[in-house]
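Chemist: Got a structure for you, questions after.
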Amino acid sequence: MYSRLAHKLLLYRNSAAACLAEPLPRWSKFAASSASLGTEAFARLETVPLVDFLIRYFETQDRTWRDLYIGERIKQLHFSSDDIEQNVARRGRILTHDRESLCKLFAGKVDPVELEQLDLLLSDALRLATAATQEVHALFVGDCLLLHVASFCVTALLELGLTLRPMYESSKNPFDLRDSIQKLEATPFDIVCYSPYSYEFSLLMSQTFHLRSLGYSRRRLEDLAHSASDQGILTLELLADRFECPLSVQTTAQIRPYHDTWRSYATTVATRSPRCKVANIVNGILEWKISEYNKTSSRPLILIDERPLVPRFGERTLGQKLHDAIYYHPTVLSLHLSKLYSNLLASAKYLIRKKVVVTDLDNTLWQGLIGEGLIEHHHGRQQVLQRLRQKGVILAIASKNVPTSIRWDGALLSNDDFAIAQVNWENKPLNLKRIAAKLNLDLADFVFIDDSDEELEMVKLALPQVQTLSATAERTWEMLGWWASALPDQSNTDRTQLYRERERRQSYLVEAAVEQDRLLSSLNLSLTIREASSKDVPRVIELVNRTHQFNTNPQYLSPQMVSSWIGSPDHLILVGEAADKFGTMGLVSAMMVDVHETLLEINLWVLSCRVFGYGIETAMMNQLKRIAQAQNRTSIHARLLSNAQNGPCQKVYFENGFSWNGSIWVAGESNIPNPSWLSVSADDTMLN
């Protein structure tokens with residue numbers, strides 16, 4: 001049946017391409033090229049390949065061709081200056097035209113069942129293209145490999161409710177490339193993807209794609225590799241410096257794309273040795289660079305390694321072109337890489353700023369029902385969650401089970417890995433609310449994993465701000481893995497232990513029926529206030545970038561910015577470290593202050609939600625007032641950028657004697673004493 005439909009599409013190939021091309025010249029993006037080329041040449045260039053993808057799909061029933069058709073059509077309809085509503089509206093109009101015009105063309109030419117199959121595919125493309133409600137903004141730096149990777153990613157992301165909004169930088173002149181990248185510094189991206197050595201993006205390395213490289217000496221190949229590496233690393237350093245979003249970097253297996261001819265393949269086989277020699281050198285340098293960078297960076301580089309694809313699929317298969325046209329020449333390599341990139345892109349959009357993973361247990365972290373007998377642990381899944389916990393993500397449990405039946409024999413995780421567990425027979429949305437209340441975190445910071453579609457749907461409906469993921473989907477664990485790769489290592493801070501201690505504190509406060517002063521005094525709360533040093537930079541960045549509820553001026557800080565403030569005569573960073581009878585809470589507050597000639601101005605102030613209500617904000621403010629007085633500053637000003645999330649800090653200035661003058665908060669004469677239950681020590685050298 002399907003091969004007959006493919007045959008009809010082939011017979012009417014030009015007519016079908018004309019149908020797809022017909023609405024494009026009405027749009028400014030294609031008006032000039034259509035006028036200069038003429039109708040037939042324009043269709044051959046832009047839409048004949050799309051018909052070829054349809055032919056291959058109905059010939060093979062391989063969804064690769066369906067995805068390629070949808071991906072390339074959606075990319076074709078993208079216009080960078082449009083917002084998401086405009087893009088979705090245009091896709092809706094043109095894909096509706098595609099469906100109506102092609103079905104009209106083939107009505108009477110194919111039997112009703114075949115026409116229904118064509119209509120089904122085109123309707124599916126229309127549904128996906130108009131359903132996405134969010135965009136993932138991605139900068140792709142590389143050659144046509146990443147261009148075609150993006151084409152395959154489009155459909156996978158649409159199925160996750162995401163529209164890919166790509167921007168490409170593909171100049172093979174490294175100087176022009178870096179100049180273009182610098183001009184994008186102010187452009188916001190969710191992720192930047194860099195493939196420095198793929199295909200012929202490096203003109204130096206591309207020499208090994210040709211037979212003349214067989215005559216190169218070992219020394220010449222080494223010099224070529226080091227020169228190519230120097231250029232690639234310079235661009236990588238620029239990208240790392242210019243953008244704060246996740247940044248992925250791809251190794252190379254030096255796959256040579258080839259046409260399906262014996263001559264092209266023979267060249268591929270003959271040049272394998274010089275290609276591998278050069279690839280080994282540049283990959284070694286690249287991996288060393290990434291390793292060194294990630295030791296100190298608060299935003300680690302993410303490594304995408306294409307080399308493991310070679311033993312899995314073979315170099316000959318990976319280099320084969322699936323199609324060969326001017327604009328459309330994807331290889332099998334781009335297809336397989338897209339499966340990595342689509343999950344990475346989704347992770348960058350949906351997960352990167354989350355703080356908590358709440359997971360089910362049965363048929364999620366293990367196979368089977370633990371209350372009914374033997375289970376088999378999913379060690380791979382547990383390892384992913386273990387990595388996230390080590391990177392500072394809080395783990396919690398929401399499981400319909402008997403608490404006494406939960407055991408961790410043979411597991412990678414244990415009860416100590418979870419800050420809170422809600423194991424009962426109540427509904428999951430209620431348990432998620434309880435977990436959020438106990439952690440004092442917003443549900444928008446949560447990811448929920450469950451194997452039950454019903455439970456996931458219930459959470460979606462009741463708590464739409466929670467990101468839900470199916471435990472049974474392989475892409476879930478791959479997305480979580482990329483998330484872990486994008487997070488920095490934690491510097492001596494066990495966030496799970498901190499939250500477990502907070503839970504003990506909260507339970508202690510609830511159980512003790514005494515007056516507030518006496519109650520809080522019994523906690524033996526202490527606070528040490530000092531000026532930040534270089535060793536505090538990672539924690540200050542983490543605290544600022546992860547705190548939403550008490551953050552007076554939400555913004556994203558870079559290590560360079562924080563480091564430049566330390567020791568600067570124009571800036572001051574006060575930090576507060578807290579402890580109580582249950583243990584140390586670590587660095588819980590950071591106040592970034594601009595030092596002017598006659599006054600101090602609080603630029604940004606954050607306080608960990610773990611210590612709300614302990615009076616730490618008053619003690620921090622009083623120390624700043626002491627500094628201002630000792631340095632003969634006449635006043636203290638403070639910025640406050642209110643938003644929907646930072647409600648707890650919106651009254652802090654008023655309660656500490658500040659007044660609003662119409663543009664900024666100004667300290668008054670009143671002096672609010674430190675709470676009686678809080679023992680405060682401060683480094684008095686700051687008063688000098």
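Order determines the names: the first chain of the structure tokens is A, the second B, and so forth; residues in each chain are numbered 1 upward, and ligands are numbered 1 upward as they are shown.
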Can you tell me, as a VMD selection string, which residues in segment 43-261 of chain A count as helix (DSSP H, G or I) by DSSP?
Modeler: chain A and resid 43 to 46 48 to 60 63 to 76 84 to 106 112 to 131 144 to 158 174 to 182 205 to 209 211 to 215 218 to 242
Chemist: If you run DSSP on the backbone, which residues of segment 307-377 of chain A are strand (DSSP E or B), as a list in words?
Modeler: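 Taking segment 307-377 of chain A and keeping strand (DSSP E or B) only, one gets Gln320, Lys321, Thr331, Val356, Val357, Val358, Thr359, Asp362, Trp366, Gln367, Glu376 and His377 of chain A.
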Chemist: Find the nearest atom pair between each residue of segment 138-194 of chain A and segment 290-310 of chain A for residues within 12 Å, count only C-alpha atoms, give distances in Å to one decimal, sort rows by chain and ascending number, and present the table as a Markdown table.
Modeler:
| residue | atom | partner | partner_atom | distance |
| --- | --- | --- | --- | --- |
| A:Leu145 | CA | A:Glu306 | CA | 11.8 |
| A:Ile191 | CA | A:Ile302 | CA | 10.6 |
| A:Val192 | CA | A:Ile302 | CA | 10.2 |
| A:Cys193 | CA | A:Ile302 | CA | 9.2 |
| A:Tyr194 | CA | A:Ile304 | CA | 9.5 |
Chemist: Under the rule that only C-alpha atoms are counted, which of A:His259, A:Tyr197, A:Gln61, A:Ser171 is the nearest residue to Ala325 of chain A?
Modeler: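 Checking each of A:His259, A:Tyr197, A:Gln61, A:Ser171 against Ala325 of chain A, counting only C-alpha atoms, the winner is A:His259.
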Chemist: Which residue gives the smallest distance to Leu5 of chain A among A:Ala32, A:Leu374, A:Cys19, A:Leu115, with only C-alpha atoms counted?
Modeler: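 Smallest separation from Leu5 of chain A among the options: A:Leu115.
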Chemist: What does the distance between atom CA of Arg26 of chain A and atom CA of Asp119 of chain A come to in Å, to one decimal place?
Modeler: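 Between atom CA of Arg26 of chain A and atom CA of Asp119 of chain A the gap works out to 24.5 Å.
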Chemist: Let me make sure I understand: among A:Val149, A:Ala444, A:Ile74, A:Leu105, which one has the smallest atom-to-atom distance to Lys339 of chain A if we use only C-alpha atoms?
Modeler: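 Ranking A:Val149, A:Ala444, A:Ile74, A:Leu105 by distance to Lys339 of chain A, first place goes to A:Val149.
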Chemist: For segment 157-163 of chain A, work out the shell of residues within 7 Å, counting only C-alpha atoms and skipping chain neighbours fewer than 5 positions away, then give it as a PyMOL selection string.
Modeler: chain A and resi 128-129+131-136+342+346
Chemist: List as an MDAnalysis selection string the protein and nucleic acid residues near segment 64-69 of chain A, meaning an atom at most 12 Å away when only C-alpha atoms are counted, but skip any in the same chain fewer than 3 places from it.
Modeler: chainID A and resid 20 47:61 72:76 95 98 118 120:122 124:126 128:129 148:159 322:323 328:332 334:336 338:339
Chemist: List as CSV every residue of segment 178-199 of chain A that is in contact with segment 233-241 of chain A, defined as an atom at most 10 Å from one of its atoms (using only C-alpha atoms), together with the nearest atom pair and the distance in Å rounded to one decimal, sorted by chain and then rising number.
Modeler:
residue,atom,partner,partner_atom,distance
A:Arg178,CA,A:Thr235,CA,6.2
A:Asp179,CA,A:Thr235,CA,9.9
A:Ile181,CA,A:Leu239,CA,7.5
A:Gln182,CA,A:Leu238,CA,7.9
A:Glu185,CA,A:Leu239,CA,9.1
A:Val192,CA,A:Leu239,CA,8.1
A:Cys193,CA,A:Leu239,CA,9.6
A:Tyr194,CA,A:Leu236,CA,7.7
A:Ser195,CA,A:Leu236,CA,9.6
A:Pro196,CA,A:Leu236,CA,8.2
Chemist: Let me see the file: selected residues, C-alpha atoms, as an mmCIF file, in the first residue's frame.
Modeler:
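So again_34.cif came out as:
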data_model
loop_
_atom_site.group_PDB
_atom_site.id
_atom_site.type_symbol
_atom_site.label_atom_id
_atom_site.label_comp_id
_atom_site.auth_asym_id
_atom_site.auth_seq_id
_atom_site.Cartn_x
_atom_site.Cartn_y
_atom_site.Cartn_z
ATOM 1 C CA ARG A 178 34.801 35.092 16.553
ATOM 2 C CA ASP A 179 33.890 38.588 15.412
ATOM 3 C CA ILE A 181 30.131 35.680 18.125
ATOM 4 C CA GLN A 182 31.206 38.834 19.967
ATOM 5 C CA GLU A 185 26.964 38.845 23.514
ATOM 6 C CA VAL A 192 25.134 27.258 23.009
ATOM 7 C CA CYS A 193 26.339 24.215 21.036
ATOM 8 C CA TYR A 194 29.837 24.245 19.567
ATOM 9 C CA SER A 195 31.286 21.638 17.215
ATOM 10 C CA PRO A 196 34.783 22.923 16.409
#
Chemist: If you measure from atom CA of Cys609 of chain A to atom CA of His637 of chain A, what distance in Å do you get, rounded to one decimal?
Modeler: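 Computed distance, atom CA of Cys609 of chain A to atom CA of His637 of chain A, equals 23.8 Å.
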Chemist: With only C-alpha atoms as the atoms that count, which of A:Leu10, A:Ala579, A:Leu599, A:Met686 lies nearest to Gly567 of chain A?
Modeler: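 Looking only at the distances to Gly567 of chain A, the closest residue turns out to be A:Met686.
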Chemist: Kindly give the distance, in Å, that separates atom CA of Glu597 of chain A and atom CA of Asp570 of chain A, rounded to a single decimal.
Modeler: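 Between atom CA of Glu597 of chain A and atom CA of Asp570 of chain A the gap is 9.1 Å.
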Chemist: May I ask which of the residues A:Pro673, A:Gly668, A:Gly410, A:Gly615 is the closest one to Gly576 of chain A, counting only C-alpha atoms?
Modeler: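 Of the candidates, the smallest distance to Gly576 of chain A is held by A:Gly615.
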Chemist: Using only C-alpha atoms for the distances, tell me which of A:Thr528, A:Gly392, A:Gly583, A:Ser558 is nearest to Asp489 of chain A.
Modeler: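 Smallest separation from Asp489 of chain A among the options: A:Gly392.
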Chemist: Extract, using only C-alpha atoms, all DNA, RNA and protein residues at most 9 Å from Thr359 of chain A, discarding same-chain residues fewer than 3 positions from it, and format them as a list in words.
Modeler: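 Skipping anything fewer than 3 positions along the chain leaves Thr364, Leu365, Leu395, Ala396, Ile397, Ala398, Ser399, Val447, Phe448, Ile449, Asp450 and Ala471 of chain A.
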Chemist: Where does segment 366-445 of chain A meet segment 473-479 of chain A within 9 Å, residue by residue, with the nearest atom pair and distance in Å to one decimal for each, counting only C-alpha atoms, listed by chain and rising number, as CSV?
Modeler:
residue,atom,partner,partner_atom,distance
A:Gly380,CA,A:Trp477,CA,8.6
A:Arg381,CA,A:Trp477,CA,6.5
A:Val384,CA,A:Trp477,CA,7.1
A:Leu385,CA,A:Trp477,CA,8.9
Chemist: Output the selection as a compact mmCIF listing (two decimals), in the first residue's frame - N, CA and C atoms for each residue.
Modeler:
# COMPACT_ATOMS: atom_id res chain seq x y z
N GLY A 380 20.94 2.13 36.80
CA GLY A 380 21.25 3.25 35.91
C GLY A 380 20.47 4.50 36.29
N ARG A 381 19.18 4.33 36.56
CA ARG A 381 18.36 5.48 36.95
C ARG A 381 18.82 6.04 38.29
N VAL A 384 21.88 8.21 37.98
CA VAL A 384 21.60 9.56 37.48
C VAL A 384 21.15 10.46 38.63
N LEU A 385 20.22 9.95 39.47
CA LEU A 385 19.76 10.73 40.61
C LEU A 385 20.88 10.97 41.61
